[in-house]
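Notes follow the structure.
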Protein chains: 2
Amino acid sequence: MSEELSTELKILEAAKKVFLAKGFSGCTTREIAHEAGENVALVNYYFRSKAALFDQVFQSAIEELMYILVDIFKSDISLKEKIAEFIDREYAFISSFPGLPMFILSELNREDGAQLKNKQMFEMVANSGVFDQMKEAQESGEMIEIDLYGITVLLMSNCHYPFISKNFVSSLLGVADEHFETLMDAHKIHVKNMILTYLFPIK
Amino acid sequence: MSEELSTELKILEAAKKVFLAKGFSGCTTREIAHEAGENVALVNYYFRSKAALFDQVFQSAIEELMYILVDIFKSDISLKEKIAEFIDREYAFISSFPGLPMFILSELNREDGAQLKNKQMFEMVANSGVFDQMKEAQESGEMIEIDLYGITVLLMSNCHYPFISKNFVSSLLGVADEHFETLMDAHKIHVKNMILTYLFPIK
DNA sequence: ACCCGTTTTAATCAATTGTTTAAATCATTT
DNA sequence: AAATGATTTAAACAATTGATTAAAACGGGT
């Protein structure tokens, strides 16, 4: 027997779904209320405004995405293992929420749009000792010379973009929806091999 | 002395600028008209509707992005050179229009949004003989086994995403705007090395 | 049964939206 | 200069937007 959600939670869940799919400018409060099966006025009653509700959804989306990073990077494994693990977990996670990367990136691009507030997450990565690990691996020659920006964009590019570009590439190459998951699995293998052998070349 | 643009062109250029920056749902016809310095009614007078104007902007954006691909792939150089050249030209082009990838991807994601109409471009790539070149390079063992999807997503990921994620990564790592171009130049080197050595490993 | 704070509802608000209209202006031809 | 068609303008249209209101319904405590 399914537990009934509170009205506030129903609206929040509906907002997540609708904002993720359509973005802030692409939907209305009425649409969110209808998705939640509640009265329009309740959106403002519980969340003050559309913008405030959006902000709550956005910040939690960011945190969900960053959590994987923090969780892996503070663990007690080698840098190479961390990166391999990150790619695996990132693909698995985004497969469950394919709209998440596009949502975050496009809303960060919107004028007067979402802002990264919670730098706490980044600081947790910084304090995980992973940067020392990087420096060490580079000094020993195990890892190539590459800065934090390069490694970040390299990983994010190859983990996020395949999902972001689904509609584009699929319609360009004529890929059916049911084949997408298989393609993504195959692509992850390529990405892992490519990035790991590039960052950690066999001497 | 600057040549005066026709009203129709002024509106079209303004529409490109505004749509690229804010997307279809993120702007109004009045905003476009104001950017063009023209009366609101002229938008509909020349382009029938906001949607029709958008469609025109979107299709031309797609064509601009695809033109590089066609132009390089039909040229008479080796596959490896084509890929290297593609990365160079893609970075140079997108540096001039940094909003283009995000615009196309996010509008293709929008419900009832933009659709890829012009498959002519893809057919020109298909007819360029580049697929035969791929098959040949793989049979000779010069290139690794990877399908068209894999190679497409690999290239697009590493050429588009760095620009798409500018706001995200910049604010995450605290990168100032004036350093972005330098970072991007450095990143292109990594991307080129990484992709080329992965696809064409030295035996 | 009554009270009282919380939640929910339907109705309404002013502002903004894309689009249309009808009149005014312009440019070209006769 | 008169006439014609194309262009431009200001005004208005109905529909939709985020948000607010006041009254109704609900629920726990006495």
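Naming works like this for the structure tokens: A, B, ... for the chains as they're shown, residue 1 at the start of each chain, ligands 1 onward in shown order.
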
Could you produce a table of the residues of chain C lying within 10 Å of stretch 4-14 of chain D, with the nearest pair of atoms per residue and their separation in Å rounded to one decimal, using only C-alpha atoms (C1' of nucleotides), ordered by chain and increasing residue number, as CSV?
residue,atom,partner,partner_atom,distance
C:DT19,C1',D:DC13,C1',8.1
C:DT20,C1',D:DC13,C1',7.2
C:DT21,C1',D:DA12,C1',7.8
C:DA22,C1',D:DA11,C1',9.3
C:DA23,C1',D:DT9,C1',8.6
C:DA24,C1',D:DT9,C1',7.0
C:DT25,C1',D:DT8,C1',7.0
C:DC26,C1',D:DT7,C1',7.0
C:DA27,C1',D:DA6,C1',8.2
C:DT28,C1',D:DT4,C1',8.6
C:DT29,C1',D:DT4,C1',8.1
C:DT30,C1',D:DT4,C1',9.7

Only residues of chain D matter here; which ones have an atom within 10 Å of chain A, counting only C-alpha atoms (C1' of nucleotides)? Give them as a PDB file with N, CA, C and O atoms (P, O5', C5', C4', C3', O3' and C1' of nucleotides), in the first residue's frame.
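Written file, part_31.pdb:
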ATOM      1  P    DT D  16      -5.310  30.370 -23.509  1.00  0.00           P
ATOM      2  O5'  DT D  16      -4.048  30.839 -22.644  1.00  0.00           O
ATOM      3  C5'  DT D  16      -2.841  31.206 -23.316  1.00  0.00           C
ATOM      4  C4'  DT D  16      -1.888  31.842 -22.337  1.00  0.00           C
ATOM      5  C3'  DT D  16      -1.738  31.082 -21.012  1.00  0.00           C
ATOM      6  O3'  DT D  16      -0.381  30.743 -20.838  1.00  0.00           O
ATOM      7  C1'  DT D  16      -2.035  33.408 -20.640  1.00  0.00           C
ATOM      8  P    DT D  17       0.067  29.867 -19.576  1.00  0.00           P
ATOM      9  O5'  DT D  17       0.752  30.912 -18.608  1.00  0.00           O
ATOM     10  C5'  DT D  17       1.908  31.645 -19.067  1.00  0.00           C
ATOM     11  C4'  DT D  17       2.199  32.800 -18.139  1.00  0.00           C
ATOM     12  C3'  DT D  17       2.205  32.449 -16.667  1.00  0.00           C
ATOM     13  O3'  DT D  17       3.480  31.964 -16.319  1.00  0.00           O
ATOM     14  C1'  DT D  17       1.093  34.543 -17.069  1.00  0.00           C
ATOM     15  P    DG D  18       3.688  31.145 -14.993  1.00  0.00           P
ATOM     16  O5'  DG D  18       3.794  32.248 -13.860  1.00  0.00           O
ATOM     17  C5'  DG D  18       4.852  33.189 -13.894  1.00  0.00           C
ATOM     18  C4'  DG D  18       4.654  34.210 -12.798  1.00  0.00           C
ATOM     19  C3'  DG D  18       4.676  33.631 -11.373  1.00  0.00           C
ATOM     20  O3'  DG D  18       5.355  34.540 -10.504  1.00  0.00           O
ATOM     21  C1'  DG D  18       2.578  34.642 -11.784  1.00  0.00           C
ATOM     22  P    DA D  19       5.474  34.208  -8.939  1.00  0.00           P
ATOM     23  O5'  DA D  19       4.211  34.923  -8.315  1.00  0.00           O
ATOM     24  C5'  DA D  19       4.034  36.319  -8.523  1.00  0.00           C
ATOM     25  C4'  DA D  19       2.687  36.754  -7.979  1.00  0.00           C
ATOM     26  C3'  DA D  19       2.426  36.357  -6.518  1.00  0.00           C
ATOM     27  O3'  DA D  19       2.437  37.530  -5.720  1.00  0.00           O
ATOM     28  C1'  DA D  19       0.511  35.990  -7.915  1.00  0.00           C
ATOM     29  P    DT D  20       2.203  37.403  -4.130  1.00  0.00           P
ATOM     30  O5'  DT D  20       0.660  37.717  -3.917  1.00  0.00           O
ATOM     31  C5'  DT D  20       0.101  38.850  -4.568  1.00  0.00           C
ATOM     32  C4'  DT D  20      -1.398  38.895  -4.352  1.00  0.00           C
ATOM     33  C3'  DT D  20      -1.855  38.681  -2.908  1.00  0.00           C
ATOM     34  O3'  DT D  20      -2.625  39.806  -2.521  1.00  0.00           O
ATOM     35  C1'  DT D  20      -3.109  37.324  -4.402  1.00  0.00           C
TER      36       DT D  20
END

Could you list, as a PDB file with N, CA, C and O atoms, in the first residue's frame, the residues of chain B having an atom within 8 Å of chain A when counting only C-alpha atoms?
ATOM      1  N   ALA B  21      20.901  33.595 -27.338  1.00  0.00           N
ATOM      2  CA  ALA B  21      21.239  33.887 -25.951  1.00  0.00           C
ATOM      3  C   ALA B  21      20.208  33.346 -24.970  1.00  0.00           C
ATOM      4  O   ALA B  21      20.546  32.903 -23.874  1.00  0.00           O
ATOM      5  N   LYS B  22      18.924  33.368 -25.359  1.00  0.00           N
ATOM      6  CA  LYS B  22      17.866  33.073 -24.390  1.00  0.00           C
ATOM      7  C   LYS B  22      16.965  31.916 -24.758  1.00  0.00           C
ATOM      8  O   LYS B  22      16.145  31.490 -23.936  1.00  0.00           O
ATOM      9  N   SER B  25      11.709  29.981 -25.630  1.00  0.00           N
ATOM     10  CA  SER B  25      10.806  30.294 -24.517  1.00  0.00           C
ATOM     11  C   SER B  25      11.333  31.415 -23.634  1.00  0.00           C
ATOM     12  O   SER B  25      10.575  31.985 -22.863  1.00  0.00           O
ATOM     13  N   GLY B  26      12.597  31.713 -23.755  1.00  0.00           N
ATOM     14  CA  GLY B  26      13.215  32.676 -22.865  1.00  0.00           C
ATOM     15  C   GLY B  26      13.170  34.112 -23.334  1.00  0.00           C
ATOM     16  O   GLY B  26      13.697  34.996 -22.667  1.00  0.00           O
ATOM     17  N   MET B 102      24.977  25.004 -27.316  1.00  0.00           N
ATOM     18  CA  MET B 102      23.934  24.979 -26.298  1.00  0.00           C
ATOM     19  C   MET B 102      22.564  25.293 -26.890  1.00  0.00           C
ATOM     20  O   MET B 102      21.563  24.661 -26.559  1.00  0.00           O
ATOM     21  N   LEU B 105      21.326  22.194 -28.981  1.00  0.00           N
ATOM     22  CA  LEU B 105      20.997  21.038 -28.149  1.00  0.00           C
ATOM     23  C   LEU B 105      19.778  21.295 -27.277  1.00  0.00           C
ATOM     24  O   LEU B 105      18.910  20.434 -27.153  1.00  0.00           O
ATOM     25  N   SER B 106      19.706  22.460 -26.683  1.00  0.00           N
ATOM     26  CA  SER B 106      18.600  22.681 -25.763  1.00  0.00           C
ATOM     27  C   SER B 106      17.291  22.876 -26.522  1.00  0.00           C
ATOM     28  O   SER B 106      16.231  22.493 -26.043  1.00  0.00           O
ATOM     29  N   LEU B 108      16.576  21.384 -29.360  1.00  0.00           N
ATOM     30  CA  LEU B 108      16.194  20.049 -29.828  1.00  0.00           C
ATOM     31  C   LEU B 108      15.561  19.243 -28.706  1.00  0.00           C
ATOM     32  O   LEU B 108      14.799  18.309 -28.947  1.00  0.00           O
ATOM     33  N   ASN B 109      15.870  19.604 -27.481  1.00  0.00           N
ATOM     34  CA  ASN B 109      15.295  18.922 -26.323  1.00  0.00           C
ATOM     35  C   ASN B 109      13.912  19.431 -25.959  1.00  0.00           C
ATOM     36  O   ASN B 109      13.136  18.723 -25.349  1.00  0.00           O
ATOM     37  N   ARG B 110      13.632  20.673 -26.346  1.00  0.00           N
ATOM     38  CA  ARG B 110      12.345  21.289 -26.010  1.00  0.00           C
ATOM     39  C   ARG B 110      11.196  20.507 -26.640  1.00  0.00           C
ATOM     40  O   ARG B 110      11.238  20.120 -27.801  1.00  0.00           O
ATOM     41  N   GLU B 111      10.151  20.290 -25.850  1.00  0.00           N
ATOM     42  CA  GLU B 111       8.981  19.580 -26.345  1.00  0.00           C
ATOM     43  C   GLU B 111       8.316  20.428 -27.439  1.00  0.00           C
ATOM     44  O   GLU B 111       8.179  21.633 -27.311  1.00  0.00           O
ATOM     45  N   LEU B 116      15.377  18.499 -36.546  1.00  0.00           N
ATOM     46  CA  LEU B 116      16.342  18.460 -37.640  1.00  0.00           C
ATOM     47  C   LEU B 116      15.605  18.179 -38.939  1.00  0.00           C
ATOM     48  O   LEU B 116      15.098  17.088 -39.157  1.00  0.00           O
ATOM     49  N   LYS B 119      18.337  16.849 -43.617  1.00  0.00           N
ATOM     50  CA  LYS B 119      19.236  15.694 -43.550  1.00  0.00           C
ATOM     51  C   LYS B 119      20.175  15.685 -44.760  1.00  0.00           C
ATOM     52  O   LYS B 119      21.043  14.823 -44.870  1.00  0.00           O
ATOM     53  N   PHE B 122      23.792  15.655 -43.768  1.00  0.00           N
ATOM     54  CA  PHE B 122      24.336  14.362 -43.380  1.00  0.00           C
ATOM     55  C   PHE B 122      24.625  13.497 -44.605  1.00  0.00           C
ATOM     56  O   PHE B 122      25.641  12.805 -44.669  1.00  0.00           O
ATOM     57  N   TYR B 149      28.536   6.065 -34.483  1.00  0.00           N
ATOM     58  CA  TYR B 149      27.993   6.740 -33.315  1.00  0.00           C
ATOM     59  C   TYR B 149      29.103   7.121 -32.333  1.00  0.00           C
ATOM     60  O   TYR B 149      29.178   8.264 -31.867  1.00  0.00           O
ATOM     61  N   GLY B 150      29.952   6.147 -32.049  1.00  0.00           N
ATOM     62  CA  GLY B 150      31.027   6.375 -31.090  1.00  0.00           C
ATOM     63  C   GLY B 150      31.934   7.508 -31.492  1.00  0.00           C
ATOM     64  O   GLY B 150      32.281   8.390 -30.684  1.00  0.00           O
ATOM     65  N   THR B 152      31.326   9.938 -33.601  1.00  0.00           N
ATOM     66  CA  THR B 152      30.595  11.208 -33.642  1.00  0.00           C
ATOM     67  C   THR B 152      30.492  11.822 -32.255  1.00  0.00           C
ATOM     68  O   THR B 152      30.812  12.998 -32.045  1.00  0.00           O
ATOM     69  N   VAL B 153      30.036  11.009 -31.305  1.00  0.00           N
ATOM     70  CA  VAL B 153      29.841  11.506 -29.944  1.00  0.00           C
ATOM     71  C   VAL B 153      31.179  11.878 -29.306  1.00  0.00           C
ATOM     72  O   VAL B 153      31.279  12.867 -28.582  1.00  0.00           O
ATOM     73  N   LEU B 154      32.208  11.102 -29.605  1.00  0.00           N
ATOM     74  CA  LEU B 154      33.537  11.396 -29.077  1.00  0.00           C
ATOM     75  C   LEU B 154      33.991  12.786 -29.524  1.00  0.00           C
ATOM     76  O   LEU B 154      34.451  13.613 -28.707  1.00  0.00           O
ATOM     77  N   MET B 156      32.114  15.300 -30.882  1.00  0.00           N
ATOM     78  CA  MET B 156      31.217  16.372 -30.457  1.00  0.00           C
ATOM     79  C   MET B 156      31.345  16.655 -28.967  1.00  0.00           C
ATOM     80  O   MET B 156      31.342  17.809 -28.535  1.00  0.00           O
ATOM     81  N   SER B 157      31.440  15.588 -28.178  1.00  0.00           N
ATOM     82  CA  SER B 157      31.608  15.773 -26.729  1.00  0.00           C
ATOM     83  C   SER B 157      32.758  16.708 -26.421  1.00  0.00           C
ATOM     84  O   SER B 157      32.622  17.682 -25.684  1.00  0.00           O
ATOM     85  N   ASN B 158      33.890  16.409 -27.012  1.00  0.00           N
ATOM     86  CA  ASN B 158      35.111  17.121 -26.645  1.00  0.00           C
ATOM     87  C   ASN B 158      35.278  18.461 -27.358  1.00  0.00           C
ATOM     88  O   ASN B 158      36.129  19.269 -26.959  1.00  0.00           O
ATOM     89  N   TYR B 161      31.227  20.450 -25.590  1.00  0.00           N
ATOM     90  CA  TYR B 161      30.977  20.564 -24.155  1.00  0.00           C
ATOM     91  C   TYR B 161      31.829  21.619 -23.444  1.00  0.00           C
ATOM     92  O   TYR B 161      31.315  22.321 -22.569  1.00  0.00           O
ATOM     93  N   PRO B 162      33.110  21.745 -23.803  1.00  0.00           N
ATOM     94  CA  PRO B 162      33.906  22.769 -23.113  1.00  0.00           C
ATOM     95  C   PRO B 162      33.272  24.159 -23.190  1.00  0.00           C
ATOM     96  O   PRO B 162      33.353  24.931 -22.230  1.00  0.00           O
ATOM     97  N   ILE B 164      29.882  24.720 -23.794  1.00  0.00           N
ATOM     98  CA  ILE B 164      28.596  24.610 -23.110  1.00  0.00           C
ATOM     99  C   ILE B 164      28.749  24.766 -21.607  1.00  0.00           C
ATOM    100  O   ILE B 164      27.922  25.367 -20.937  1.00  0.00           O
ATOM    101  N   SER B 165      29.817  24.200 -21.081  1.00  0.00           N
ATOM    102  CA  SER B 165      29.968  24.126 -19.629  1.00  0.00           C
ATOM    103  C   SER B 165      30.739  25.310 -19.054  1.00  0.00           C
ATOM    104  O   SER B 165      31.078  25.310 -17.872  1.00  0.00           O
ATOM    105  N   ASN B 167      30.054  28.348 -18.000  1.00  0.00           N
ATOM    106  CA  ASN B 167      29.545  28.937 -16.761  1.00  0.00           C
ATOM    107  C   ASN B 167      29.654  27.983 -15.586  1.00  0.00           C
ATOM    108  O   ASN B 167      29.993  28.393 -14.468  1.00  0.00           O
ATOM    109  N   PHE B 168      29.342  26.726 -15.852  1.00  0.00           N
ATOM    110  CA  PHE B 168      29.364  25.725 -14.793  1.00  0.00           C
ATOM    111  C   PHE B 168      30.783  25.548 -14.236  1.00  0.00           C
ATOM    112  O   PHE B 168      31.031  25.777 -13.047  1.00  0.00           O
ATOM    113  N   VAL B 169      31.701  25.208 -15.119  1.00  0.00           N
ATOM    114  CA  VAL B 169      33.061  24.915 -14.682  1.00  0.00           C
ATOM    115  C   VAL B 169      33.770  26.166 -14.162  1.00  0.00           C
ATOM    116  O   VAL B 169      34.486  26.103 -13.157  1.00  0.00           O
ATOM    117  N   SER B 171      32.509  28.816 -12.677  1.00  0.00           N
ATOM    118  CA  SER B 171      32.113  29.208 -11.331  1.00  0.00           C
ATOM    119  C   SER B 171      32.477  28.126 -10.325  1.00  0.00           C
ATOM    120  O   SER B 171      32.710  28.405  -9.151  1.00  0.00           O
ATOM    121  N   LEU B 172      32.552  26.884 -10.790  1.00  0.00           N
ATOM    122  CA  LEU B 172      32.945  25.793  -9.896  1.00  0.00           C
ATOM    123  C   LEU B 172      34.416  25.920  -9.499  1.00  0.00           C
ATOM    124  O   LEU B 172      34.779  25.800  -8.329  1.00  0.00           O
ATOM    125  N   LEU B 173      35.253  26.210 -10.488  1.00  0.00           N
ATOM    126  CA  LEU B 173      36.696  26.270 -10.221  1.00  0.00           C
ATOM    127  C   LEU B 173      37.193  27.701 -10.035  1.00  0.00           C
ATOM    128  O   LEU B 173      38.375  27.926  -9.785  1.00  0.00           O
ATOM    129  N   LEU B 183      42.636  28.787 -21.476  1.00  0.00           N
ATOM    130  CA  LEU B 183      42.292  27.431 -21.038  1.00  0.00           C
ATOM    131  C   LEU B 183      41.770  26.589 -22.196  1.00  0.00           C
ATOM    132  O   LEU B 183      42.101  25.403 -22.332  1.00  0.00           O
ATOM    133  N   ALA B 186      44.532  25.443 -24.482  1.00  0.00           N
ATOM    134  CA  ALA B 186      45.252  24.322 -23.883  1.00  0.00           C
ATOM    135  C   ALA B 186      44.427  23.047 -23.958  1.00  0.00           C
ATOM    136  O   ALA B 186      44.949  21.960 -24.218  1.00  0.00           O
ATOM    137  N   HIS B 187      43.125  23.208 -23.742  1.00  0.00           N
ATOM    138  CA  HIS B 187      42.272  22.022 -23.741  1.00  0.00           C
ATOM    139  C   HIS B 187      42.197  21.387 -25.126  1.00  0.00           C
ATOM    140  O   HIS B 187      42.147  20.162 -25.259  1.00  0.00           O
ATOM    141  N   HIS B 190      44.969  18.971 -25.618  1.00  0.00           N
ATOM    142  CA  HIS B 190      44.697  17.705 -24.946  1.00  0.00           C
ATOM    143  C   HIS B 190      43.725  16.851 -25.760  1.00  0.00           C
ATOM    144  O   HIS B 190      43.953  15.659 -25.972  1.00  0.00           O
ATOM    145  N   VAL B 191      42.636  17.488 -26.165  1.00  0.00           N
ATOM    146  CA  VAL B 191      41.587  16.761 -26.891  1.00  0.00           C
ATOM    147  C   VAL B 191      42.144  16.149 -28.170  1.00  0.00           C
ATOM    148  O   VAL B 191      41.889  14.973 -28.483  1.00  0.00           O
ATOM    149  N   MET B 194      44.583  13.304 -27.284  1.00  0.00           N
ATOM    150  CA  MET B 194      43.870  12.171 -26.705  1.00  0.00           C
ATOM    151  C   MET B 194      43.085  11.400 -27.760  1.00  0.00           C
ATOM    152  O   MET B 194      43.213  10.170 -27.868  1.00  0.00           O
ATOM    153  N   ILE B 195      42.298  12.101 -28.531  1.00  0.00           N
ATOM    154  CA  ILE B 195      41.435  11.430 -29.513  1.00  0.00           C
ATOM    155  C   ILE B 195      42.259  10.772 -30.619  1.00  0.00           C
ATOM    156  O   ILE B 195      42.013   9.622 -30.997  1.00  0.00           O
ATOM    157  N   TYR B 198      44.061   7.765 -29.372  1.00  0.00           N
ATOM    158  CA  TYR B 198      43.133   6.674 -29.051  1.00  0.00           C
ATOM    159  C   TYR B 198      42.618   5.997 -30.325  1.00  0.00           C
ATOM    160  O   TYR B 198      42.583   4.774 -30.416  1.00  0.00           O
TER     161      TYR B 198
END

Please, what distance in Å, to one decimal, runs between atom CA of A:Ile62 and atom CA of A:Ala36?
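These two atoms are separated by 22.5 Å.
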
Of A:Glu64, A:Glu38, A:Glu145, A:Glu31, the one sitting nearest chain C when using only C-alpha atoms (C1' of nucleotides) is A:Glu38

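Across B:Leu69, B:Val40, B:Ala15, B:Ile202, the tightest approach to chain C is made by B:Val40 when counting only C-alpha atoms (C1' of nucleotides).
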
With a cut-off of 12 Å and counting only C-alpha atoms (C1' of nucleotides), select all residues of chain A in contact with chain C and give the selection as a ChimeraX atom specification.
/A:6-8,38-43,45-46

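Closest approach to B:Phe86 from the set B:Gly113, B:Leu9, B:Lys192, B:Ala52 is made by B:Lys192, with distances taken over only C-alpha atoms.
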
Which distance in Å separates atom CA of A:Asp76 and atom CA of A:Pro98, to one decimal?
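A separation of 28.9 Å between them.
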
Among the residues B:Leu20, B:Val57, B:Leu12, B:Val70, the one that comes closest to B:Asn127 [using only C-alpha atoms]
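Smallest distance to B:Asn127 is found for B:Val70.
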
Need to verify the contact set: stretch 128-133 of chain B, 10 Å, only C-alpha atoms (C1' of nucleotides), exclusion of same-chain residues closer than 3 positions in sequence. Can you return it as a PyMOL selection string?
chain B and resi 70-76+78-80+82+122-125+136-139+148

Would you export the selected residues with C-alpha atoms as a compact mmCIF listing (two decimals), in the first residue's frame, please?
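part.txt, written as the output of this step:
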# COMPACT_ATOMS: atom_id res chain seq x y z
CA VAL B 70 30.91 18.60 -44.83
CA ASP B 71 33.67 20.86 -45.99
CA ILE B 72 36.43 18.90 -44.29
CA PHE B 73 35.11 15.42 -44.85
CA LYS B 74 34.80 15.80 -48.60
CA SER B 75 38.36 17.12 -48.89
CA ASP B 76 41.17 14.94 -50.19
CA SER B 78 43.69 11.18 -44.84
CA LEU B 79 41.12 10.24 -42.20
CA LYS B 80 43.50 11.09 -39.40
CA LYS B 82 40.41 15.06 -41.34
CA PHE B 122 24.34 14.36 -43.38
CA GLU B 123 23.93 12.81 -46.80
CA MET B 124 26.69 15.05 -48.09
CA VAL B 125 28.95 13.66 -45.37
CA GLU B 136 39.57 0.98 -44.84
CA ALA B 137 41.50 2.43 -41.90
CA GLN B 138 39.91 -0.12 -39.57
CA GLU B 139 40.62 -3.09 -41.84
CA LEU B 148 29.96 5.88 -36.42

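You will find atom CA of A:Ile11 at 6.5 Å from atom CA of A:Ala33.
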